[in-house]
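structure35.txt follows (compact mmCIF, C-alpha atoms):
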```
# COMPACT_ATOMS: atom_id res chain seq x y z
CA MET V 10 -8.14 -47.56 26.73
CA TYR V 11 -6.21 -45.59 29.32
CA LYS V 12 -4.38 -42.30 28.96
CA LYS V 13 -1.37 -41.25 31.04
CA THR V 14 -0.74 -37.58 31.71
CA THR V 15 2.37 -36.45 33.59
CA LEU V 16 2.24 -32.94 35.02
CA LYS V 17 5.25 -30.63 35.24
CA ASN V 18 5.57 -31.36 38.96
CA GLY V 19 5.82 -35.11 38.23
CA LEU V 20 2.32 -36.13 39.31
CA ARG V 21 0.96 -38.89 37.08
CA ILE V 22 -2.71 -39.02 36.11
CA ILE V 23 -4.23 -42.16 34.59
CA THR V 24 -7.67 -41.72 33.00
CA VAL V 25 -9.85 -44.59 31.78
CA PRO V 26 -13.14 -43.32 30.28
CA GLN V 27 -16.05 -45.77 30.32
CA LYS V 28 -19.34 -44.67 28.77
CA GLU V 29 -21.20 -47.89 29.66
CA THR V 30 -21.27 -47.13 33.40
CA LYS V 31 -22.69 -44.39 35.61
CA ALA V 32 -19.98 -44.80 38.24
CA VAL V 33 -16.58 -43.18 38.59
CA THR V 34 -13.73 -44.16 40.90
CA VAL V 35 -10.93 -41.83 41.93
CA LEU V 36 -7.95 -43.65 43.42
CA VAL V 37 -4.83 -41.90 44.69
CA MET V 38 -1.80 -44.00 45.55
CA THR V 39 1.56 -42.93 46.86
CA GLY V 40 4.67 -45.09 46.76
CA THR V 41 5.23 -45.57 50.46
CA GLY V 42 4.31 -48.20 53.01
CA SER V 43 5.73 -50.34 55.77
CA LYS V 44 8.95 -51.12 53.85
CA TYR V 45 9.81 -47.42 53.97
CA GLU V 46 9.67 -47.09 57.76
CA GLU V 47 12.19 -46.90 60.57
CA LYS V 48 11.71 -49.45 63.33
CA LYS V 49 10.86 -46.87 66.00
CA PHE V 50 8.12 -45.54 63.69
CA SER V 51 6.86 -48.93 62.48
CA GLY V 52 3.21 -48.53 61.50
CA ILE V 53 3.43 -44.82 60.68
CA SER V 54 2.19 -45.31 57.08
CA HIS V 55 -0.93 -47.03 58.43
CA PHE V 56 -1.38 -44.41 61.18
CA VAL V 57 -1.23 -41.57 58.62
CA GLU V 58 -3.80 -43.35 56.44
CA HIS V 59 -6.19 -43.47 59.41
CA ILE V 60 -5.66 -39.90 60.54
CA ALA V 61 -6.17 -38.42 57.06
CA PHE V 62 -9.94 -38.82 57.57
CA LYS V 63 -10.02 -36.87 60.84
CA GLY V 64 -9.95 -33.31 59.59
CA THR V 65 -8.57 -30.97 56.92
CA LYS V 66 -8.21 -27.22 56.49
CA LYS V 67 -11.57 -27.21 54.71
CA ARG V 68 -13.40 -29.91 56.69
CA LYS V 69 -12.80 -29.46 60.39
CA GLY V 70 -13.51 -32.91 61.82
CA PRO V 71 -14.28 -36.57 61.02
CA MET V 72 -18.00 -35.92 60.53
CA GLU V 73 -17.42 -33.16 57.97
CA VAL V 74 -14.86 -35.34 56.14
CA THR V 75 -17.12 -38.37 55.75
CA GLU V 76 -20.52 -36.71 55.51
CA ILE V 77 -19.91 -35.10 52.12
CA LEU V 78 -19.62 -38.47 50.34
CA ASP V 79 -22.28 -40.10 52.53
CA ARG V 80 -24.75 -37.48 51.28
CA VAL V 81 -24.36 -38.64 47.68
CA GLY V 82 -24.22 -42.38 48.41
CA GLY V 83 -20.53 -42.57 47.66
CA GLU V 84 -18.03 -45.15 48.85
CA MET V 85 -14.72 -44.20 50.45
CA ASN V 86 -11.86 -46.05 52.04
CA ALA V 87 -8.09 -46.28 52.30
CA PHE V 88 -5.46 -49.01 52.59
CA THR V 89 -1.80 -49.48 53.42
CA GLY V 90 0.61 -52.06 52.02
CA GLU V 91 4.33 -52.64 52.13
CA GLU V 92 5.07 -50.35 49.17
CA TYR V 93 2.00 -48.19 48.74
CA THR V 94 -0.75 -46.29 50.51
CA GLY V 95 -4.03 -45.62 48.75
CA TYR V 96 -7.20 -43.55 49.15
CA TYR V 97 -10.29 -43.90 47.00
CA ALA V 98 -13.78 -42.57 46.41
CA LYS V 99 -16.44 -44.14 44.19
CA VAL V 100 -19.48 -42.07 43.24
CA ASP V 101 -22.22 -41.49 40.70
CA ASN V 102 -20.39 -39.77 37.86
CA ILE V 103 -22.40 -36.56 38.32
CA TYR V 104 -20.56 -36.13 41.62
CA PHE V 105 -17.05 -36.49 40.20
CA ASP V 106 -16.18 -32.92 41.17
CA ILE V 107 -17.03 -33.72 44.79
CA ALA V 108 -14.94 -36.91 44.74
CA ILE V 109 -11.78 -35.32 43.28
CA ASP V 110 -12.02 -32.33 45.63
CA TRP V 111 -12.58 -34.59 48.64
CA ILE V 112 -9.77 -37.03 47.91
CA SER V 113 -7.20 -34.31 47.17
CA ASP V 114 -8.23 -32.54 50.37
CA ILE V 115 -7.59 -35.50 52.69
CA PHE V 116 -4.42 -36.42 50.78
CA ILE V 117 -2.81 -32.97 50.86
CA ASN V 118 -4.52 -30.93 53.55
CA SER V 119 -5.01 -33.23 56.53
CA THR V 120 -4.51 -31.25 59.74
CA MET V 121 -4.14 -34.37 61.88
CA PRO V 122 -5.95 -32.81 64.86
CA GLY V 123 -4.10 -33.56 68.10
CA ALA V 124 -7.12 -34.90 69.96
CA GLU V 125 -8.01 -37.14 67.01
CA VAL V 126 -4.45 -38.48 66.85
CA GLU V 127 -4.70 -39.67 70.44
CA LYS V 128 -8.12 -41.24 69.91
CA GLU V 129 -7.02 -42.97 66.73
CA ARG V 130 -3.90 -44.28 68.46
CA GLY V 131 -6.23 -46.31 70.68
CA VAL V 132 -8.28 -47.45 67.69
CA ILE V 133 -5.16 -48.73 65.91
CA ILE V 134 -3.96 -50.59 68.99
CA GLU V 135 -7.37 -52.29 69.15
CA GLU V 136 -7.01 -53.14 65.45
CA ILE V 137 -3.64 -54.77 66.18
CA LYS V 138 -5.24 -56.80 68.99
CA MET V 139 -8.08 -57.83 66.70
CA PHE V 140 -5.65 -59.18 64.11
CA ASP V 141 -3.64 -60.93 66.83
CA ASP V 142 -6.83 -62.72 67.88
CA ASN V 143 -7.63 -63.77 64.31
CA PRO V 144 -5.18 -66.48 63.17
CA MET V 145 -6.44 -66.50 59.56
CA ARG V 146 -5.61 -62.80 59.34
CA ASN V 147 -2.46 -62.95 61.47
CA ILE V 148 -0.81 -65.82 59.61
CA GLY V 149 0.12 -63.52 56.73
CA ASP V 150 2.12 -61.32 59.08
CA ILE V 151 3.70 -64.34 60.79
CA TRP V 152 4.63 -65.77 57.39
CA ARG V 153 6.45 -62.57 56.41
CA LYS V 154 8.21 -62.52 59.76
CA ALA V 155 9.38 -66.08 59.10
CA LEU V 156 10.72 -65.08 55.68
CA TYR V 157 12.34 -61.74 56.45
CA GLY V 158 12.83 -61.49 60.21
CA ASP V 159 13.71 -58.16 61.80
CA GLN V 160 13.75 -55.85 58.79
CA PRO V 161 10.95 -53.72 57.26
CA ALA V 162 9.73 -56.55 55.00
CA GLY V 163 9.23 -58.68 58.11
CA TRP V 164 7.46 -56.07 60.25
CA PHE V 165 3.70 -55.91 60.61
CA ILE V 166 2.13 -53.20 58.42
CA GLY V 167 0.17 -51.83 61.38
CA GLY V 168 3.24 -51.70 63.60
CA THR V 169 3.31 -52.84 67.22
CA LYS V 170 1.63 -51.44 70.29
CA SER V 171 4.98 -50.00 71.37
CA SER V 172 5.77 -48.34 68.03
CA VAL V 173 2.26 -46.91 67.64
CA LEU V 174 2.51 -45.37 71.12
CA ASN V 175 5.85 -43.85 70.08
CA ILE V 176 4.59 -42.06 66.94
CA LYS V 177 3.94 -38.35 67.49
CA ARG V 178 1.83 -35.96 65.44
CA GLU V 179 4.97 -34.13 64.30
CA ASP V 180 6.45 -37.42 63.05
CA MET V 181 3.40 -37.93 60.83
CA PHE V 182 3.62 -34.43 59.37
CA ASP V 183 7.31 -35.04 58.55
CA TYR V 184 6.47 -38.41 57.01
CA VAL V 185 3.69 -37.01 54.81
CA HIS V 186 5.88 -34.14 53.63
CA SER V 187 8.66 -36.54 52.64
CA GLN V 188 6.51 -39.28 51.06
CA TYR V 189 3.24 -37.80 49.80
CA THR V 190 4.99 -36.01 46.95
CA ALA V 191 4.09 -35.32 43.34
CA LYS V 192 6.64 -37.65 41.71
CA ASN V 193 5.74 -40.42 44.17
CA THR V 194 1.99 -40.25 43.52
CA VAL V 195 -0.45 -41.55 40.90
CA VAL V 196 -4.06 -40.42 40.52
CA CYS V 197 -6.27 -42.86 38.61
CA ILE V 198 -9.78 -41.99 37.42
CA VAL V 199 -11.97 -44.70 35.94
CA GLY V 200 -15.57 -44.38 34.83
CA ASN V 201 -18.00 -42.14 33.01
CA ILE V 202 -15.92 -38.98 32.74
CA LYS V 203 -15.13 -36.20 30.31
CA GLU V 204 -11.44 -36.95 30.08
CA ARG V 205 -10.01 -33.50 29.39
CA GLN V 206 -12.17 -31.94 32.10
CA ALA V 207 -11.18 -34.66 34.60
CA ILE V 208 -7.49 -34.06 33.94
CA GLU V 209 -7.85 -30.30 34.37
CA MET V 210 -9.79 -30.69 37.61
CA THR V 211 -7.19 -33.11 38.96
CA LYS V 212 -4.40 -30.73 38.02
CA LYS V 213 -6.17 -27.92 39.90
CA CYS V 214 -7.03 -29.99 42.99
CA PHE V 215 -3.49 -31.38 43.33
CA SER V 216 -1.67 -28.13 42.54
CA LYS V 217 -0.40 -27.82 46.12
CA ILE V 218 1.01 -31.34 46.46
CA PRO V 219 4.62 -31.25 47.80
CA THR V 220 7.34 -31.49 45.15
CA SER V 221 10.18 -32.57 47.44
CA GLN V 222 12.21 -35.72 46.80
CA ASN V 223 10.68 -38.71 48.56
CA LYS V 224 12.65 -41.03 50.81
CA GLY V 225 13.55 -44.46 49.40
CA LYS V 226 13.49 -47.80 51.15
CA ILE V 227 16.23 -50.08 52.45
CA SER V 228 16.84 -53.11 50.22
CA VAL V 229 15.44 -56.38 51.51
CA ILE V 230 18.00 -58.92 52.67
CA GLU V 231 17.10 -62.44 51.54
CA LYS V 232 19.37 -65.04 53.07
CA GLN V 233 18.47 -68.67 53.62
CA THR V 234 20.60 -71.81 53.54
CA GLU V 235 18.31 -74.33 55.25
CA PRO V 236 14.60 -74.93 55.94
CA ASN V 237 13.12 -72.43 58.38
CA VAL V 238 10.30 -72.75 60.92
CA TYR V 239 8.63 -69.92 62.84
CA ILE V 240 6.01 -70.72 65.49
CA LEU V 241 3.65 -68.37 67.28
CA ASP V 242 2.73 -70.53 70.26
CA LYS V 243 -0.93 -70.07 71.04
CA LYS V 244 -3.65 -72.23 72.57
CA THR V 245 -5.97 -72.78 69.63
CA ASN V 246 -8.41 -75.49 68.58
CA GLN V 247 -7.09 -75.30 65.02
CA THR V 248 -3.61 -74.90 63.60
CA THR V 249 -3.18 -72.07 61.12
CA MET V 250 -0.16 -72.45 58.89
CA ALA V 251 1.68 -71.19 55.82
CA LEU V 252 4.13 -73.43 53.99
CA GLY V 253 6.04 -72.24 50.98
CA VAL V 254 9.14 -70.81 49.37
CA ARG V 255 10.77 -67.58 48.30
CA GLY V 256 9.76 -66.63 44.78
CA TYR V 257 10.30 -63.81 42.28
CA ASN V 258 9.60 -60.09 42.25
CA HIS V 259 6.93 -58.68 39.93
CA LEU V 260 9.43 -57.72 37.23
CA HIS V 261 10.90 -61.20 36.94
CA PRO V 262 10.35 -62.85 33.53
CA ASP V 263 8.92 -65.98 35.19
CA ARG V 264 6.32 -64.04 37.18
CA TYR V 265 3.38 -65.44 35.20
CA ILE V 266 4.66 -68.99 35.42
CA MET V 267 4.49 -68.59 39.20
CA ASP V 268 0.83 -67.53 38.89
CA VAL V 269 0.09 -70.68 36.90
CA ILE V 270 1.88 -72.86 39.47
CA ALA V 271 0.04 -71.30 42.41
CA THR V 272 -3.33 -71.76 40.69
CA LEU V 273 -2.56 -75.34 39.75
CA LEU V 274 -1.55 -76.18 43.33
CA GLY V 275 -4.19 -74.36 45.35
CA GLY V 276 -5.87 -71.55 43.48
CA MET V 277 -9.32 -73.09 43.00
CA MET V 278 -11.59 -75.80 44.38
CA SER V 279 -10.43 -78.36 41.81
CA SER V 280 -6.73 -77.63 42.38
CA ARG V 281 -4.34 -80.34 43.51
CA ILE V 282 -3.71 -79.31 47.12
CA PHE V 283 -7.35 -78.35 47.75
CA ASP V 284 -8.39 -81.80 46.55
CA GLU V 285 -5.75 -83.64 48.60
CA VAL V 286 -6.07 -81.70 51.86
CA ARG V 287 -9.77 -80.86 52.00
CA GLU V 288 -11.56 -83.41 49.85
CA LYS V 289 -9.43 -86.51 50.50
CA LEU V 290 -7.98 -85.91 53.97
CA GLY V 291 -10.87 -83.82 55.32
CA ALA V 292 -8.21 -81.96 57.30
CA ALA V 293 -9.07 -78.36 56.53
CA TYR V 294 -11.97 -76.09 55.63
CA TYR V 295 -9.70 -73.36 54.31
CA VAL V 296 -6.70 -74.19 52.13
CA ALA V 297 -5.27 -72.09 49.29
CA THR V 298 -1.99 -71.36 47.51
CA TYR V 299 -0.92 -67.84 46.53
CA ASN V 300 1.85 -66.26 44.53
CA GLU V 301 2.60 -62.74 45.73
CA SER V 302 5.24 -60.32 44.55
CA ASP V 303 6.29 -56.70 44.74
CA SER V 304 9.28 -54.71 43.52
CA ASP V 305 11.97 -56.57 45.45
CA THR V 306 10.45 -59.70 46.99
CA GLY V 307 8.14 -62.57 46.14
CA PHE V 308 6.86 -65.83 47.53
CA LEU V 309 4.62 -68.80 46.86
CA SER V 310 2.86 -70.24 49.88
CA THR V 311 -0.01 -72.53 50.83
CA PHE V 312 -2.15 -71.24 53.69
CA ALA V 313 -4.50 -73.47 55.65
CA GLY V 314 -6.50 -73.89 58.84
CA ILE V 315 -5.97 -77.48 59.94
CA ASP V 316 -7.17 -80.04 62.45
CA ASN V 317 -4.38 -80.01 65.09
CA SER V 318 -4.02 -83.77 64.95
CA LYS V 319 -3.42 -83.75 61.18
CA ILE V 320 -0.78 -81.05 60.81
CA ASN V 321 2.10 -83.43 60.08
CA LYS V 322 0.08 -85.24 57.44
CA VAL V 323 -0.94 -81.96 55.79
CA ILE V 324 2.65 -80.68 55.69
CA GLU V 325 3.78 -83.94 54.07
CA THR V 326 0.92 -83.78 51.56
CA ILE V 327 1.68 -80.20 50.50
CA LEU V 328 5.38 -80.95 50.11
CA ARG V 329 4.56 -84.01 48.04
CA GLU V 330 2.55 -81.85 45.65
CA TYR V 331 5.38 -79.33 45.44
CA LYS V 332 7.87 -82.08 44.62
CA LYS V 333 5.59 -83.67 42.03
CA LEU V 334 5.85 -80.54 39.89
CA THR V 335 9.63 -80.99 39.73
CA GLU V 336 9.33 -84.58 38.51
CA VAL V 337 6.18 -84.97 36.40
CA LYS V 338 5.10 -82.63 33.62
CA VAL V 339 1.63 -81.15 33.85
CA SER V 340 -0.73 -82.62 31.25
CA ALA V 341 -2.02 -80.48 28.38
CA LYS V 342 -5.56 -80.93 29.67
CA GLU V 343 -4.78 -79.71 33.19
CA LEU V 344 -2.67 -76.83 31.91
CA LYS V 345 -5.53 -75.66 29.68
CA LYS V 346 -7.88 -75.73 32.67
CA ILE V 347 -5.50 -73.55 34.67
CA LYS V 348 -5.09 -71.03 31.85
CA ASP V 349 -8.84 -70.85 31.24
CA HIS V 350 -9.42 -70.33 34.96
CA LEU V 351 -6.88 -67.51 35.16
CA ARG V 352 -8.25 -65.88 32.03
CA GLY V 353 -11.79 -65.91 33.41
CA LYS V 354 -10.68 -64.69 36.82
CA ILE V 355 -8.75 -61.77 35.30
CA VAL V 356 -11.65 -60.72 33.07
CA LEU V 357 -14.24 -60.94 35.85
CA GLY V 358 -11.91 -59.10 38.19
CA MET V 359 -12.00 -56.08 35.88
CA GLU V 360 -15.77 -55.64 35.94
CA SER V 361 -15.95 -52.67 38.34
CA SER V 362 -14.43 -49.21 38.09
CA ASP V 363 -12.65 -49.56 41.44
CA ALA V 364 -11.05 -52.86 40.38
CA GLN V 365 -9.81 -51.24 37.18
CA ALA V 366 -8.50 -48.23 39.07
CA SER V 367 -6.47 -50.55 41.29
CA PHE V 368 -5.20 -52.49 38.25
CA TYR V 369 -3.92 -49.40 36.41
CA CYS V 370 -2.75 -47.40 39.41
CA THR V 371 -0.78 -50.18 41.09
CA GLN V 372 1.10 -51.03 37.90
CA GLU V 373 1.98 -47.42 37.14
CA LEU V 374 3.11 -46.78 40.70
CA LEU V 375 5.17 -49.93 41.28
CA LYS V 376 6.33 -50.83 37.75
CA ASN V 377 6.23 -47.42 36.08
CA LYS V 378 4.43 -49.03 33.14
CA ILE V 379 1.04 -50.58 32.51
CA ILE V 380 0.58 -54.02 30.96
CA SER V 381 -2.89 -54.56 29.48
CA VAL V 382 -5.22 -57.38 30.43
CA GLU V 383 -4.79 -58.77 26.91
CA GLU V 384 -1.00 -58.85 27.28
CA ILE V 385 -1.22 -60.55 30.69
CA ILE V 386 -3.49 -63.23 29.24
CA LYS V 387 -1.05 -63.61 26.32
CA GLN V 388 1.83 -64.18 28.75
CA ILE V 389 -0.17 -66.79 30.65
CA ASP V 390 -1.07 -68.56 27.41
CA LYS V 391 2.65 -68.84 26.60
CA VAL V 392 3.38 -70.90 29.73
CA SER V 393 4.29 -74.50 28.89
CA SER V 394 4.53 -77.62 31.02
CA GLY V 395 8.30 -77.40 30.54
CA ASP V 396 8.28 -73.86 31.95
CA ILE V 397 6.40 -75.09 35.00
CA MET V 398 8.87 -77.89 35.67
CA ARG V 399 11.85 -75.56 35.18
CA VAL V 400 10.56 -72.99 37.65
CA ALA V 401 9.39 -75.69 40.09
CA LYS V 402 12.91 -77.11 40.17
CA ASP V 403 14.27 -73.66 40.92
CA ILE V 404 11.93 -72.74 43.78
CA PHE V 405 10.99 -76.04 45.41
CA LYS V 406 14.26 -76.82 47.18
CA GLU V 407 14.75 -77.75 50.82
CA GLU V 408 16.95 -74.76 51.54
CA LYS V 409 14.16 -72.44 50.34
CA LEU V 410 11.34 -73.95 52.42
CA ASN V 411 9.64 -71.89 55.13
CA LEU V 412 6.91 -72.89 57.56
CA ALA V 413 4.95 -70.47 59.75
CA ILE V 414 2.54 -71.81 62.36
CA ILE V 415 0.05 -70.38 64.82
CA GLY V 416 -0.96 -73.01 67.35
CA PRO V 417 -0.08 -74.89 70.57
CA TYR V 418 3.46 -75.93 69.60
CA LYS V 419 5.86 -74.37 72.07
CA ASN V 420 9.51 -75.23 71.32
CA LYS V 421 8.55 -77.62 68.50
CA GLU V 422 10.58 -75.88 65.78
CA GLU V 423 13.11 -78.69 65.37
CA GLU V 424 10.39 -81.33 65.16
CA PHE V 425 8.69 -79.50 62.32
CA LYS V 426 11.99 -78.75 60.60
CA LYS V 427 12.55 -82.51 60.23
CA LEU V 428 9.39 -82.68 58.08
CA LEU V 429 10.63 -80.06 55.63
CA LYS V 430 12.12 -82.34 53.01
CA ILE V 431 11.61 -82.39 49.26
```
Just give me the structure of the file as structure tokens.
Amino acid sequence: MYKKTTLKNGLRIITVPQKETKAVTVLVMTGTGSKYEEKKFSGISHFVEHIAFKGTKKRKGPMEVTEILDRVGGEMNAFTGEEYTGYYAKVDNIYFDIAIDWISDIFINSTMPGAEVEKERGVIIEEIKMFDDNPMRNIGDIWRKALYGDQPAGWFIGGTKSSVLNIKREDMFDYVHSQYTAKNTVVCIVGNIKERQAIEMTKKCFSKIPTSQNKGKISVIEKQTEPNVYILDKKTNQTTMALGVRGYNHLHPDRYIMDVIATLLGGMMSSRIFDEVREKLGAAYYVATYNESDSDTGFLSTFAGIDNSKINKVIETILREYKKLTEVKVSAKELKKIKDHLRGKIVLGMESSDAQASFYCTQELLKNKIISVEEIIKQIDKVSSGDIMRVAKDIFKEEKLNLAIIGPYKNKEEEFKKLLKI
């Protein structure tokens, strides 16, 4: 069972004691990411996340920052999303004091050394190039660009080469001061801890976190009246694609119905689209359907790496499966399989302390409330075949279809648009 403690400065602390483990994870997340950026500073959230490891007031350089956890066999990393940035440390519970001191230090006291900023600028540009050269990784960014275009929701989280070159050290200090604030931050501690002691140590370590008002984000504009195709023309031996629709945000009452639909279509090896595209057509090694949502956007999409010669057939097959859900009710047997799969996946996904930290912290940060695993499973169990058909009829419409492609298809947008019919 978790406990939420809100300090006078607004910082939220989530503690989840677990006596059956020797590990403890400390995760700090702040409510800022690529959706909070200006275009000229696109990628600044990600840049700050990188540079936080390069030196603090207490630990003068990258080696001193990383060595302290390396010495005790700890794990450390950070990540940036559209609406959050996170830093975590996972250690043997006897080293909890080291982990909480370390993570608060890089979060609050990063000095962003000038020489390290310039070196890391080059590292990030190479990271951007690496993703550009990896279609399976890049298709997610291309898909969002297809959906949202030239607004923060459609920009790449890492920024562009041009924007990364434009970001100065002073810009990052300003950004941290405005976004890494007490009311905009959640600290989650999961594992073998003495709860009261952990809370007091966290309170002490984060006592100097800024208390200024954080900057909000611009609302996402969602406007679509006809099928949309976005192509990144590239000479490849395989077509990488995403085909799907706009969905619901994570507070929408039909959020869990979307999870069931995505799983039914392409969330496991015995799902409908996996069977049709991989097993029957032999057209793809990788094919999967996802439902993703955040505070103001959501989508359902099928991603696949396809034989170039079979792309039209695959598009038609996926659309046929989408349409089928609007016309034929899912059988009780298949629906039970989907629910059992989701239940098992959720339970197994909560096995580790870091997975649980992410579960609790993300909900508190983005929803300002935590829904238990048991309640999520209860909501999934409530989904009926009628619910699935109702939601399918709402989302699977021609005017909501989007197709993103990476492959050798220069100026073929109109040809592909003709295939987008339900």
Please, which residues in segment 175-265 of chain V fall within 10 Å of segment 420-429 of chain V when counting only C-alpha atoms, and what is the closest atom pair and distance in Å to one decimal for each, ordered by chain then residue number, as a tab-separated table?
```
residue	atom	partner	partner_atom	distance
V:Glu235	CA	V:Lys426	CA	9.4
V:Pro236	CA	V:Leu429	CA	6.5
V:Asn237	CA	V:Lys426	CA	6.8
V:Val238	CA	V:Glu422	CA	5.8
V:Tyr239	CA	V:Glu422	CA	6.9
V:Ile240	CA	V:Glu422	CA	6.9
V:Leu241	CA	V:Asn420	CA	9.9
V:Asp242	CA	V:Asn420	CA	8.3
V:Leu252	CA	V:Leu429	CA	9.4
```
#### Entry: Residue with smallest distance to Phe116 of chain V - pool V:Gln160, V:Leu78, V:Gln188, V:Asp101, counting all atoms listed in the file
V:Gln188
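Between Thr194 of chain V and the candidates V:Met121, V:Ile77, V:Val37, V:Val400, the tightest atom-to-atom separation, counting all atoms listed in the file, involves V:Val37.
Summary of the local environment: counting all atoms listed in the file, residues at most 8 Å from Lys13 of chain V, other than itself and those fewer than 4 positions away along its chain, are Arg21, Ile22, Ile23 and Thr24 of chain V.
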Can you write out the residues you just picked, keeping C-alpha atoms, as a compact mmCIF listing (two decimals), keeping the file's coordinate frame?
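And here's result_10.txt as it stands now:
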```
# COMPACT_ATOMS: atom_id res chain seq x y z
CA ARG V 21 0.96 -38.89 37.08
CA ILE V 22 -2.71 -39.02 36.11
CA ILE V 23 -4.23 -42.16 34.59
CA THR V 24 -7.67 -41.72 33.00
```
#### Entry: Straight-line distance linking atom CA of Arg130 of chain V with atom CA of Arg80 of chain V, stated in Å to one decimal
27.9 Å
### Task
For segment 124-127 of chain V, please output as JSON, numbers by chain all residues within 12 Å (counting all atoms listed in the file; exclusion window: fewer than 3 positions along the same chain).
{"V": [53, 56, 57, 58, 59, 60, 61, 62, 63, 64, 65, 69, 70, 71, 72, 119, 120, 121, 130, 131, 132, 133, 134, 173, 174, 175, 176, 177, 178, 179, 180, 181, 182]}
### Task
State, in Å with one decimal place, the distance from atom CA of Gln27 of chain V to atom CA of Ala366 of chain V.
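Atom CA of Ala366 of chain V lies at a distance of 11.8 Å from atom CA of Gln27 of chain V.
Interatomic distance, atom CA of Lys213 of chain V against atom CA of Asp183 of chain V: 24.1 Å.
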### Test item: residues at most 9 Å from segment 139-149 of chain V, all atoms listed in the file, excluding those fewer than 6 positions along its chain, as a list in words
Thr248, Thr249, Met250, Ala251, Phe312, Ala313, Gly314, Ala413, Ile414, Ile415 and Gly416 of chain V
### Message
I need the residue nearest Lys333 of chain V from this list: V:Lys203, V:Ile282, V:Ile151, V:Ile198. Use all atoms listed in the file for the distance.
### Response
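Result for the nearest residue to Lys333 of chain V: V:Ile282.
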### Message
Give me, as a list of chain:residue names, all polymer residues having an atom no more than 7 Å from Lys44 of chain V, counting all atoms listed in the file and skipping those fewer than 3 positions away in the same chain.
### Response
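With the cut-off at 7 Å, the set is V:Glu91, V:Glu92, V:Pro161, V:Ala162, V:Lys226.
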### Message
Which residue is closest to Ala191 of chain V? Choose from V:Val269, V:Leu351, V:Ile404, V:Leu20 and count all atoms listed in the file.
### Response
V:Leu20
